file input_1.txt (compact mmCIF, C-alpha atoms)
# COMPACT_ATOMS: atom_id res chain seq x y z
CA MET Y 1106 0.00 0.00 0.00
CA LYS Y 1107 1.15 3.50 -0.81
CA THR Y 1108 -0.39 6.83 0.02
CA THR Y 1109 0.12 10.23 -1.54
CA SER Y 1110 -1.32 13.65 -0.89
CA LYS Y 1111 -4.28 14.88 -2.85
CA GLN Y 1112 -5.94 18.28 -3.22
CA SER Y 1113 -7.76 19.75 -0.27
CA PRO Y 1114 -11.26 18.45 0.50
CA THR Y 1115 -14.30 20.45 -0.53
CA SER Y 1116 -17.37 19.05 1.14
CA THR Y 1117 -18.16 16.35 3.66
CA SER Y 1118 -20.97 14.22 4.94
CA ALA Y 1119 -20.40 15.32 8.53
CA ALA Y 1120 -23.67 17.23 8.54
CA ALA Y 1121 -25.40 13.85 8.46
CA LEU Y 1122 -24.33 13.41 12.08
CA GLY Y 1123 -26.33 16.38 13.31
CA SER Y 1124 -28.96 15.97 15.99
CA GLN Y 1125 -32.69 16.14 15.44
CA THR Y 1126 -32.56 19.87 16.18
CA GLY Y 1127 -30.24 20.47 13.25
CA PRO Y 1128 -26.67 19.80 12.16
CA THR Y 1129 -23.88 20.50 14.61
CA PRO Y 1130 -20.37 21.75 13.76
CA CYS Y 1131 -17.62 19.17 13.36
CA SER Y 1132 -15.40 18.56 16.37
CA VAL Y 1133 -11.63 18.70 15.94
CA LYS Y 1134 -11.47 14.90 15.88
CA GLU Y 1135 -14.21 14.65 13.25
CA ALA Y 1136 -12.56 17.34 11.13
CA ASN Y 1137 -9.26 15.42 11.29
CA VAL Y 1138 -10.99 12.22 10.13
CA ILE Y 1139 -12.49 14.04 7.16
CA ARG Y 1140 -9.22 15.76 6.29
CA VAL Y 1141 -7.14 12.59 6.47
CA LEU Y 1142 -9.46 10.44 4.36
CA THR Y 1143 -10.18 13.07 1.73
CA GLU Y 1144 -6.53 14.09 1.31
CA SER Y 1145 -5.16 10.55 1.06
CA ILE Y 1146 -4.93 8.35 -2.01
CA VAL Y 1147 -4.69 4.70 -1.03
CA GLN Y 1148 -3.27 2.72 -3.91
CA HIS Y 1149 -4.53 -0.82 -4.37
CA PRO Y 1150 -3.52 -3.47 -6.95
CA ILE Y 1151 -6.21 -2.52 -9.51
CA LEU Y 1152 -5.20 1.14 -9.41
CA THR Y 1153 -1.48 0.36 -9.32
CA ARG Y 1154 -1.70 -1.83 -12.42
CA ALA Y 1155 -3.46 0.95 -14.32
CA PHE Y 1156 -0.90 3.53 -13.17
CA ASP Y 1157 2.02 1.30 -14.16
CA LYS Y 1158 0.47 0.67 -17.58
CA VAL Y 1159 0.06 4.39 -18.28
CA CYS Y 1160 3.68 5.04 -17.25
CA ALA Y 1161 4.90 2.17 -19.45
CA VAL Y 1162 3.02 3.51 -22.49
CA VAL Y 1163 4.37 7.05 -21.91
CA ASP Y 1164 7.92 5.72 -21.59
CA ARG Y 1165 7.65 3.54 -24.72
CA ASN Y 1166 6.19 6.33 -26.82
CA GLN Y 1167 9.18 8.57 -26.15
CA HIS Y 1168 11.17 6.19 -28.37
CA CYS Y 1169 8.51 5.45 -31.02
CA SER Y 1170 8.16 7.22 -34.35
CA GLU Y 1171 4.43 6.47 -34.31
CA PRO Y 1172 3.12 6.39 -30.72
CA ARG Y 1173 0.40 4.02 -29.57
CA HIS Y 1174 -2.13 5.24 -27.05
CA LEU Y 1175 -4.27 3.99 -24.18
CA LEU Y 1176 -7.92 3.70 -23.18
CA VAL Y 1177 -8.74 3.64 -19.46
CA ILE Y 1178 -12.31 2.56 -18.79
CA GLY Y 1179 -14.30 2.04 -15.63
CA GLU Y 1180 -17.67 2.58 -14.02
CA ALA Y 1181 -18.29 5.54 -11.73
CA GLY Y 1182 -16.39 5.35 -8.45
CA CYS Y 1183 -13.78 2.83 -9.58
CA GLY Y 1184 -10.82 5.20 -9.52
CA LYS Y 1185 -10.59 7.06 -12.85
CA SER Y 1186 -10.22 10.48 -11.21
CA THR Y 1187 -7.79 9.04 -8.66
CA LEU Y 1188 -5.68 7.66 -11.51
CA CYS Y 1189 -5.62 11.14 -13.07
CA ASP Y 1190 -4.36 12.51 -9.73
CA LEU Y 1191 -1.56 9.91 -9.63
CA ILE Y 1192 -0.50 10.70 -13.20
CA ASP Y 1193 -0.53 14.40 -12.38
CA SER Y 1194 1.67 13.78 -9.33
CA LYS Y 1195 4.23 11.93 -11.48
CA PHE Y 1196 4.24 13.98 -14.69
CA GLY Y 1197 2.72 17.28 -13.50
CA SER Y 1198 4.27 20.75 -13.52
CA PHE Y 1199 8.04 21.06 -13.32
CA ASN Y 1200 10.59 23.84 -13.76
CA GLN Y 1201 13.28 23.78 -16.43
CA ASN Y 1202 16.34 26.01 -16.19
CA PHE Y 1203 17.52 27.96 -19.21
CA THR Y 1204 20.25 30.55 -19.69
CA LEU Y 1205 17.65 33.32 -19.75
CA GLY Y 1206 15.65 32.05 -16.79
CA ILE Y 1207 13.26 29.34 -15.59
CA GLN Y 1208 10.39 27.94 -17.64
CA ASN Y 1209 7.41 26.27 -15.95
CA ASN Y 1210 6.54 23.13 -17.90
CA VAL Y 1211 3.41 20.98 -17.77
CA GLY Y 1212 4.31 17.31 -18.03
CA ALA Y 1213 0.72 16.04 -17.83
CA LEU Y 1214 -2.14 17.90 -19.49
CA ILE Y 1215 -5.28 16.66 -17.73
CA THR Y 1216 -8.64 17.89 -18.96
CA SER Y 1217 -12.27 16.79 -19.17
CA VAL Y 1218 -14.17 16.58 -22.43
CA PRO Y 1219 -16.67 19.45 -22.27
CA SER Y 1220 -20.35 19.11 -22.95
CA PRO Y 1221 -21.52 20.04 -25.53
CA VAL Y 1222 -18.48 18.89 -27.49
CA THR Y 1223 -17.06 20.69 -30.51
CA PRO Y 1224 -13.46 20.96 -31.77
CA ARG Y 1225 -13.46 24.60 -30.66
CA SER Y 1226 -14.74 23.86 -27.14
CA MET Y 1227 -12.20 21.05 -26.73
CA ALA Y 1228 -9.33 23.29 -27.84
CA ALA Y 1229 -10.46 26.03 -25.43
CA GLU Y 1230 -10.82 23.56 -22.53
CA MET Y 1231 -7.31 22.22 -23.09
CA LEU Y 1232 -5.85 25.72 -23.31
CA ARG Y 1233 -7.45 26.57 -19.96
CA ALA Y 1234 -5.92 23.41 -18.50
CA LEU Y 1235 -2.54 24.71 -19.70
CA GLY Y 1236 -3.08 27.92 -17.76
CA VAL Y 1237 -4.44 30.24 -20.44
CA THR Y 1238 -6.74 32.62 -18.57
CA ARG Y 1239 -7.80 35.16 -21.21
CA ASN Y 1240 -11.09 34.99 -23.09
CA LEU Y 1241 -10.78 32.52 -25.99
CA TYR Y 1242 -12.71 34.05 -28.87
CA GLN Y 1243 -10.51 32.87 -31.75
CA THR Y 1244 -11.49 30.39 -34.44
CA THR Y 1245 -11.01 26.65 -34.03
CA ARG Y 1246 -7.94 26.75 -36.24
CA GLU Y 1247 -6.32 29.59 -34.27
CA LEU Y 1248 -7.04 27.94 -30.91
CA THR Y 1249 -5.72 24.60 -32.15
CA GLU Y 1250 -2.50 26.12 -33.45
CA GLU Y 1251 -1.92 27.83 -30.11
CA LEU Y 1252 -2.68 24.58 -28.28
CA GLN Y 1253 -0.15 22.65 -30.39
CA PHE Y 1254 2.48 25.31 -29.76
CA LEU Y 1255 1.94 25.31 -25.99
CA ILE Y 1256 1.97 21.50 -25.82
CA PHE Y 1257 5.38 21.54 -27.52
CA LYS Y 1258 6.72 24.52 -25.57
CA GLY Y 1259 5.46 23.23 -22.20
CA GLY Y 1260 7.13 19.83 -22.51
CA VAL Y 1261 3.85 17.90 -22.23
CA LYS Y 1262 4.49 14.14 -22.16
CA VAL Y 1263 0.96 12.85 -21.72
CA VAL Y 1264 -2.55 14.16 -22.33
CA LEU Y 1265 -5.41 12.67 -20.28
CA MET Y 1266 -8.92 13.34 -21.58
CA ASP Y 1267 -11.42 12.45 -18.87
CA GLU Y 1268 -15.19 11.98 -19.39
CA PHE Y 1269 -14.59 10.89 -22.98
CA GLN Y 1270 -18.06 9.33 -23.12
CA HIS Y 1271 -19.42 12.87 -23.63
CA LEU Y 1272 -18.65 12.33 -27.30
CA LEU Y 1273 -21.60 9.93 -27.44
CA SER Y 1274 -23.95 12.92 -27.20
CA VAL Y 1275 -22.25 14.90 -29.98
CA GLY Y 1276 -24.63 16.22 -32.59
CA GLU Y 1277 -27.74 14.41 -31.39
CA GLY Y 1278 -30.52 15.20 -33.84
CA ALA Y 1279 -28.13 16.84 -36.30
CA GLU Y 1280 -27.56 16.03 -39.97
CA VAL Y 1281 -25.82 12.73 -40.60
CA SER Y 1282 -23.14 12.06 -43.17
CA ALA Y 1283 -24.01 11.27 -46.78
CA GLY Y 1284 -25.00 7.70 -47.52
CA THR Y 1285 -26.40 6.99 -44.06
CA ARG Y 1286 -29.84 7.16 -42.54
CA PRO Y 1287 -30.71 8.00 -38.93
CA GLY Y 1288 -31.35 4.93 -36.82
CA ARG Y 1289 -29.24 2.58 -38.94
CA SER Y 1290 -26.45 0.63 -37.32
CA GLY Y 1291 -23.12 2.26 -38.08
CA CYS Y 1292 -24.70 5.64 -38.83
CA THR Y 1293 -22.06 8.29 -38.11
CA ASN Y 1294 -23.03 11.78 -37.14
CA LYS Y 1295 -21.40 14.58 -39.16
CA GLN Y 1296 -20.54 16.60 -36.07
CA LEU Y 1297 -19.07 13.55 -34.36
CA LEU Y 1298 -16.84 13.01 -37.40
CA GLU Y 1299 -15.56 16.56 -37.07
CA VAL Y 1300 -14.64 16.00 -33.41
CA GLN Y 1301 -13.00 12.64 -34.16
CA ASN Y 1302 -10.98 14.14 -37.00
CA TRP Y 1303 -9.87 17.01 -34.77
CA ILE Y 1304 -8.69 14.58 -32.09
CA LYS Y 1305 -6.84 12.46 -34.68
CA SER Y 1306 -5.09 15.54 -36.08
CA LEU Y 1307 -4.04 16.70 -32.61
CA ILE Y 1308 -2.68 13.26 -31.73
CA VAL Y 1309 -0.66 13.01 -34.94
CA LYS Y 1310 0.77 16.54 -34.81
CA SER Y 1311 1.65 16.51 -31.11
CA GLY Y 1312 3.47 13.15 -31.22
CA ILE Y 1313 2.91 12.49 -27.49
CA THR Y 1314 0.90 9.97 -25.50
CA PHE Y 1315 -2.86 10.35 -25.24
CA VAL Y 1316 -4.91 8.57 -22.58
CA LEU Y 1317 -8.69 8.61 -23.04
CA VAL Y 1318 -10.54 8.04 -19.77
CA GLY Y 1319 -14.23 7.24 -19.45
CA GLN Y 1320 -16.96 4.69 -19.06
CA PRO Y 1321 -16.84 1.36 -20.94
CA SER Y 1322 -19.00 2.80 -23.73
CA ILE Y 1323 -15.97 4.70 -25.09
CA THR Y 1324 -14.49 1.48 -26.48
CA ALA Y 1325 -17.24 1.27 -29.11
CA LEU Y 1326 -16.73 4.96 -29.88
CA ILE Y 1327 -13.04 4.38 -30.62
CA ARG Y 1328 -13.54 1.09 -32.48
CA SER Y 1329 -16.06 2.76 -34.81
CA GLU Y 1330 -13.31 4.97 -36.25
CA PRO Y 1331 -10.57 2.85 -37.93
CA GLN Y 1332 -7.73 5.37 -37.57
CA LEU Y 1333 -8.45 5.94 -33.87
CA ALA Y 1334 -8.78 2.17 -33.35
CA ARG Y 1335 -5.37 1.65 -34.97
CA ARG Y 1336 -3.75 4.17 -32.62
CA PHE Y 1337 -5.48 3.17 -29.37
CA THR Y 1338 -4.20 -0.37 -29.11
CA GLN Y 1339 -3.79 -0.44 -25.31
CA ILE Y 1340 -6.71 -0.78 -22.91
CA CYS Y 1341 -6.90 -0.84 -19.13
CA ARG Y 1342 -10.02 -1.42 -17.06
CA LEU Y 1343 -10.61 -0.12 -13.55
CA HIS Y 1344 -13.17 -2.23 -11.77
CA SER Y 1345 -14.68 -2.87 -8.36
CA PHE Y 1346 -13.21 -5.30 -5.84
CA ALA Y 1347 -14.23 -8.94 -5.91
CA PRO Y 1348 -15.89 -10.34 -2.76
CA PRO Y 1349 -13.54 -12.28 -0.45
CA GLU Y 1350 -13.84 -16.04 -0.90
CA ASP Y 1351 -11.63 -17.32 1.92
CA ASP Y 1352 -9.88 -16.15 5.07
CA ALA Y 1353 -6.77 -14.99 3.21
CA PRO Y 1354 -6.24 -11.21 2.91
CA SER Y 1355 -8.21 -9.79 -0.02
CA ASP Y 1356 -7.75 -6.64 -2.08
CA LEU Y 1357 -11.00 -5.29 -0.61
CA GLY Y 1358 -9.91 -6.09 2.95
CA ASN Y 1359 -6.48 -4.54 2.40
CA PHE Y 1360 -8.08 -1.38 1.00
CA VAL Y 1361 -10.36 -0.96 4.02
CA GLU Y 1362 -7.49 -1.67 6.41
CA ALA Y 1363 -5.27 0.89 4.68
CA LEU Y 1364 -7.98 3.55 4.96
CA LEU Y 1365 -8.44 2.79 8.66
CA MET Y 1366 -4.68 2.87 9.26
CA GLU Y 1367 -4.54 6.32 7.65
CA VAL Y 1368 -7.10 7.52 10.20
CA MET Y 1369 -5.46 5.86 13.19
CA CYS Y 1370 -1.97 7.11 12.28
CA ASN Y 1371 -3.06 10.69 11.70
CA THR Y 1372 -5.98 11.23 14.10
CA LYS Y 1373 -5.70 11.46 17.86
CA GLY Y 1374 -8.26 9.43 19.77
CA LEU Y 1375 -8.90 6.71 17.18
CA ASN Y 1376 -6.20 4.13 17.70
CA ALA Y 1377 -7.72 0.67 17.25
CA THR Y 1378 -10.08 -1.19 14.95
CA GLU Y 1379 -12.02 -4.44 14.96
CA TRP Y 1380 -11.54 -4.74 11.19
CA SER Y 1381 -9.34 -7.60 10.02
CA ASN Y 1382 -8.35 -7.90 6.38
CA ALA Y 1383 -8.38 -11.67 6.78
CA ASP Y 1384 -11.97 -11.71 8.05
CA MET Y 1385 -13.85 -13.14 5.07
CA ILE Y 1386 -17.27 -12.51 6.62
CA ALA Y 1387 -16.55 -8.82 7.33
CA GLY Y 1388 -15.24 -8.45 3.78
CA GLN Y 1389 -18.34 -10.07 2.31
CA ARG Y 1390 -20.57 -7.76 4.34
CA MET Y 1391 -18.59 -4.76 3.06
CA HIS Y 1392 -18.85 -5.97 -0.53
CA LEU Y 1393 -22.61 -6.40 -0.31
CA ALA Y 1394 -22.93 -2.94 1.24
CA THR Y 1395 -20.85 -1.22 -1.46
CA ASN Y 1396 -20.76 -3.62 -4.46
CA GLY Y 1397 -16.99 -3.44 -4.00
CA VAL Y 1398 -16.82 0.06 -5.50
CA PRO Y 1399 -13.77 1.87 -4.04
CA SER Y 1400 -15.45 5.27 -3.69
CA ALA Y 1401 -18.46 3.72 -1.92
CA ILE Y 1402 -16.14 1.84 0.45
CA LYS Y 1403 -14.25 5.03 1.23
CA ASP Y 1404 -17.49 6.93 1.93
CA LEU Y 1405 -18.64 4.19 4.31
CA VAL Y 1406 -15.28 4.19 6.12
CA VAL Y 1407 -15.50 7.98 6.48
CA ASP Y 1408 -18.97 7.76 8.04
CA ALA Y 1409 -18.00 4.87 10.34
CA CYS Y 1410 -14.95 6.78 11.61
CA LEU Y 1411 -17.03 9.94 12.11
CA ILE Y 1412 -19.56 7.98 14.17
CA ALA Y 1413 -16.78 6.51 16.32
CA ALA Y 1414 -15.28 9.98 16.82
CA LYS Y 1415 -18.62 11.53 17.71
CA GLN Y 1416 -19.36 8.79 20.23
CA GLY Y 1417 -15.95 9.22 21.85
CA ASP Y 1418 -14.98 5.63 21.06
CA ASP Y 1419 -11.26 5.09 20.52
CA MET Y 1420 -11.91 1.89 18.54
CA ILE Y 1421 -13.52 1.74 15.09
CA ARG Y 1422 -15.97 -1.11 15.45
CA LEU Y 1423 -18.04 -3.09 12.98
CA SER Y 1424 -21.09 -1.68 14.75
CA HIS Y 1425 -20.03 1.75 13.51
CA PHE Y 1426 -20.12 0.43 9.94
CA SER Y 1427 -23.61 -0.89 10.63
CA GLU Y 1428 -24.76 2.50 11.86
CA ALA Y 1429 -23.08 4.22 8.89
CA TYR Y 1430 -24.85 1.89 6.50
CA GLU Y 1431 -28.22 2.93 7.91
CA ARG Y 1432 -27.56 6.34 6.38
CA VAL Y 1433 -26.63 4.69 3.08
CA ARG Y 1434 -29.81 2.65 3.21
CA GLU Y 1435 -31.90 5.82 3.08
CA ASN Y 1436 -30.35 6.54 -0.31
CA ILE Y 1437 -30.82 2.93 -1.43
CA ASP Y 1438 -34.51 3.05 -0.48
CA ALA Y 1439 -34.86 6.26 -2.50
CA HIS Y 1440 -33.19 4.62 -5.51
CA ASN Y 1441 -35.42 1.58 -5.19
CA ALA Y 1442 -38.51 3.82 -5.14
CA ILE Y 1443 -37.33 5.50 -8.35
CA ARG Y 1444 -36.57 2.15 -10.00
CA SER Y 1445 -40.01 0.87 -9.01
CA ALA Y 1446 -41.67 3.98 -10.49
CA GLN Y 1447 -39.79 3.30 -13.74
CA GLY Y 1448 -41.08 -0.25 -13.88
CA ASP Y 1449 -37.94 -1.95 -12.55
CA SER Y 1450 -38.96 -3.96 -9.53
CA ALA Y 1451 -35.48 -5.37 -8.83
CA PRO Y 1452 -34.06 -3.78 -5.65
CA VAL Y 1453 -30.45 -2.67 -5.41
CA THR Y 1454 -29.90 -5.14 -2.59
CA GLY Y 1455 -32.09 -7.66 -0.86
CA VAL Y 1456 -30.38 -7.34 2.52
CA LYS Y 1457 -31.50 -4.37 4.59
CA ASN Y 1458 -28.23 -4.04 6.49
CA PRO Y 1459 -25.35 -6.36 5.50
CA PHE Y 1460 -23.54 -5.61 8.77
CA THR Y 1461 -26.36 -7.00 10.93
CA ALA Y 1462 -27.91 -9.61 8.60
CA LYS Y 1463 -27.18 -13.29 9.09
CA ILE Y 1464 -24.11 -14.35 7.16
CA GLN Y 1465 -26.21 -16.92 5.28
CA SER Y 1466 -28.34 -14.08 3.89
CA VAL Y 1467 -25.25 -12.08 2.94
CA GLN Y 1468 -23.65 -15.00 1.13
CA SER Y 1469 -26.93 -15.85 -0.59
CA GLU Y 1470 -27.19 -12.29 -1.96
CA LEU Y 1471 -23.56 -12.37 -3.12
CA PHE Y 1472 -24.26 -15.67 -4.89
CA LYS Y 1473 -27.25 -14.13 -6.66
CA LYS Y 1474 -25.17 -11.18 -7.82
CA ALA Y 1475 -22.41 -13.47 -9.11
CA ALA Y 1476 -24.97 -15.52 -11.01

call {"tool": "encode", "arguments": {"input": "input_1.txt", "output": "structure tokens"}}
result
Amino acid sequence: MKTTSKQSPTSTSAAALGSQTGPTPCSVKEANVIRVLTESIVQHPILTRAFDKVCAVVDRNQHCSEPRHLLVIGEAGCGKSTLCDLIDSKFGSFNQNFTLGIQNNVGALITSVPSPVTPRSMAAEMLRALGVTRNLYQTTRELTEELQFLIFKGGVKVVLMDEFQHLLSVGEGAEVSAGTRPGRSGCTNKQLLEVQNWIKSLIVKSGITFVLVGQPSITALIRSEPQLARRFTQICRLHSFAPPEDDAPSDLGNFVEALLMEVMCNTKGLNATEWSNADMIAGQRMHLATNGVPSAIKDLVVDACLIAAKQGDDMIRLSHFSEAYERVRENIDAHNAIRSAQGDSAPVTGVKNPFTAKIQSVQSELFKKAA
């Protein structure tokens, strides 16, 4: 396990701990819990493999005449933004000394695909990510030429385009290219073609590594364009943790333990935990509560630690996870009500509280999900 610092936290769920008369301010201990867990990045094997693969592609492309590029796909909460943070920490801004002074370079250009998407909006978004603060009123060609110049001048080694699935909404309802009819399989939107061609041109002219980050649907988007498919030959998938199947330490258990250790090492008053990464039953309960999604696990750990801090308990107990899940269950019940109104009767989970349910019920639900 490895931890690195992240940007400062913005908002918290501490207000959920307020009394019936209204939310109460965070205590010093609660504030420390929130700060520690929101500032820390806990690397786990799934995330580490993705990070190593990006670094390997960047390194290889520095010696290739025709670089090959990478797709990183994953569902919400599985670590795509965290991976961007890790890449930024490795390749981010650095100073380069010259005879006439110091130049601030940007090793990693990290940006999100804007919505709506046009070549002009993408060029403007990337220029802002490079630190351009003026109003960007120029034409697409002028903005693109400036972008290419700054990428070269700034020593950019890798470009990460997050939220790439936004391209799926490009030009909805607009004119389609000649020879196609709306609704037909393989029908390519004219505006989408313009965006794809702009991206291809930027990739070719910059000669550096591009990493496209988004939901699994982006694979079809890339495969539909032969020249992009030829260039994006590498793929990496971020996914949720598998449920523990025996009493050996699991990736899920190690992740929870690492989060708890961060709290106990950096927060006064919380210095012990009942959690064991070799406890298969505890791990299975956690998986059923969160579907193994890293962000959901982290949120539950935050709430459990806040409850322990508020109660003045120096040990983080499994009962705190149970109480934290009760807050999660309110959201699950709301989701189930929406799904039912839409005609989907299948609940998100059949166990009301995985931390108090009989283990037979937990394992039965996990078996159903696996099936």

call {"tool": "residues_around", "arguments": {"input": "input_1.txt", "residues": "Thr1223 (chain Y)", "least_positions_apart": "2", "cutoff": "12 Å", "atoms": "all atoms listed in the file", "output": "list of chain:residue names"}}
result
Y:Val1218, Y:Pro1219, Y:Ser1220, Y:Pro1221, Y:Arg1225, Y:Ser1226, Y:Met1227, Y:Ala1228, Y:Ala1229, Y:Glu1230, Y:Thr1244, Y:Thr1245, Y:His1271, Y:Leu1272, Y:Ser1274, Y:Val1275, Y:Gly1276, Y:Lys1295, Y:Gln1296, Y:Leu1297, Y:Leu1298, Y:Glu1299, Y:Val1300, Y:Gln1301, Y:Asn1302, Y:Trp1303, Y:Ile1304

call {"tool": "atom_distance", "arguments": {"input": "input_1.txt", "atom1": "CA of His1425 (chain Y)", "atom2": "CA of Ala1409 (chain Y)"}}
result
4.9 Å

call {"tool": "atom_distance", "arguments": {"input": "input_1.txt", "atom1": "CA of Asn1382 (chain Y)", "atom2": "CA of Val1361 (chain Y)"}}
result
7.6 Å

call {"tool": "residues_around", "arguments": {"input": "input_1.txt", "residues": "Glu1362 (chain Y)", "least_positions_apart": "4", "cutoff": "8 Å", "atoms": "only C-alpha atoms", "output": "PyMOL selection string"}}
result
chain Y and resi 1358+1366+1380-1382

call {"tool": "atom_distance", "arguments": {"input": "input_1.txt", "atom1": "CA of Val1162 (chain Y)", "atom2": "CA of Gln1339 (chain Y)"}}
result
8.4 Å

call {"tool": "residues_around", "arguments": {"input": "input_1.txt", "residues": "Val1398 (chain Y)", "least_positions_apart": "3", "cutoff": "9 Å", "atoms": "only C-alpha atoms", "output": "number ranges by chain"}}
result
Y: 1180-1184, 1344-1346, 1392, 1395, 1401-1403

call {"tool": "closest_residue", "arguments": {"input": "input_1.txt", "among": "Y:Leu1364, Y:Asp1352, Y:Val1222, Y:Ile1313", "to": "Asn1166 (chain Y)", "atoms": "all atoms listed in the file"}}
result
Y:Ile1313

call {"tool": "closest_residue", "arguments": {"input": "input_1.txt", "among": "Y:Val1133, Y:Phe1360, Y:Ala1475, Y:Pro1321", "to": "Pro1399 (chain Y)", "atoms": "all atoms listed in the file"}}
result
Y:Phe1360

call {"tool": "closest_residue", "arguments": {"input": "input_1.txt", "among": "Y:Ala1413, Y:Leu1365, Y:Cys1370, Y:Ile1464", "to": "Arg1390 (chain Y)", "atoms": "only C-alpha atoms"}}
result
Y:Ile1464

call {"tool": "residues_near_point", "arguments": {"input": "input_1.txt", "point": "(-10.1, 0.3, 14.4)", "cutoff": "6 Å", "atoms": "all atoms listed in the file", "output": "list in words"}}
result
Ala1377, Thr1378, Glu1379, Met1420 and Ile1421 of chain Y

call {"tool": "closest_residue", "arguments": {"input": "input_1.txt", "among": "Y:Ser1427, Y:Ser1466, Y:Ser1194, Y:Thr1314", "to": "His1168 (chain Y)", "atoms": "all atoms listed in the file"}}
result
Y:Thr1314

call {"tool": "closest_residue", "arguments": {"input": "input_1.txt", "among": "Y:Lys1473, Y:Lys1457, Y:Arg1342, Y:Lys1373", "to": "Ile1178 (chain Y)", "atoms": "all atoms listed in the file"}}
result
Y:Arg1342
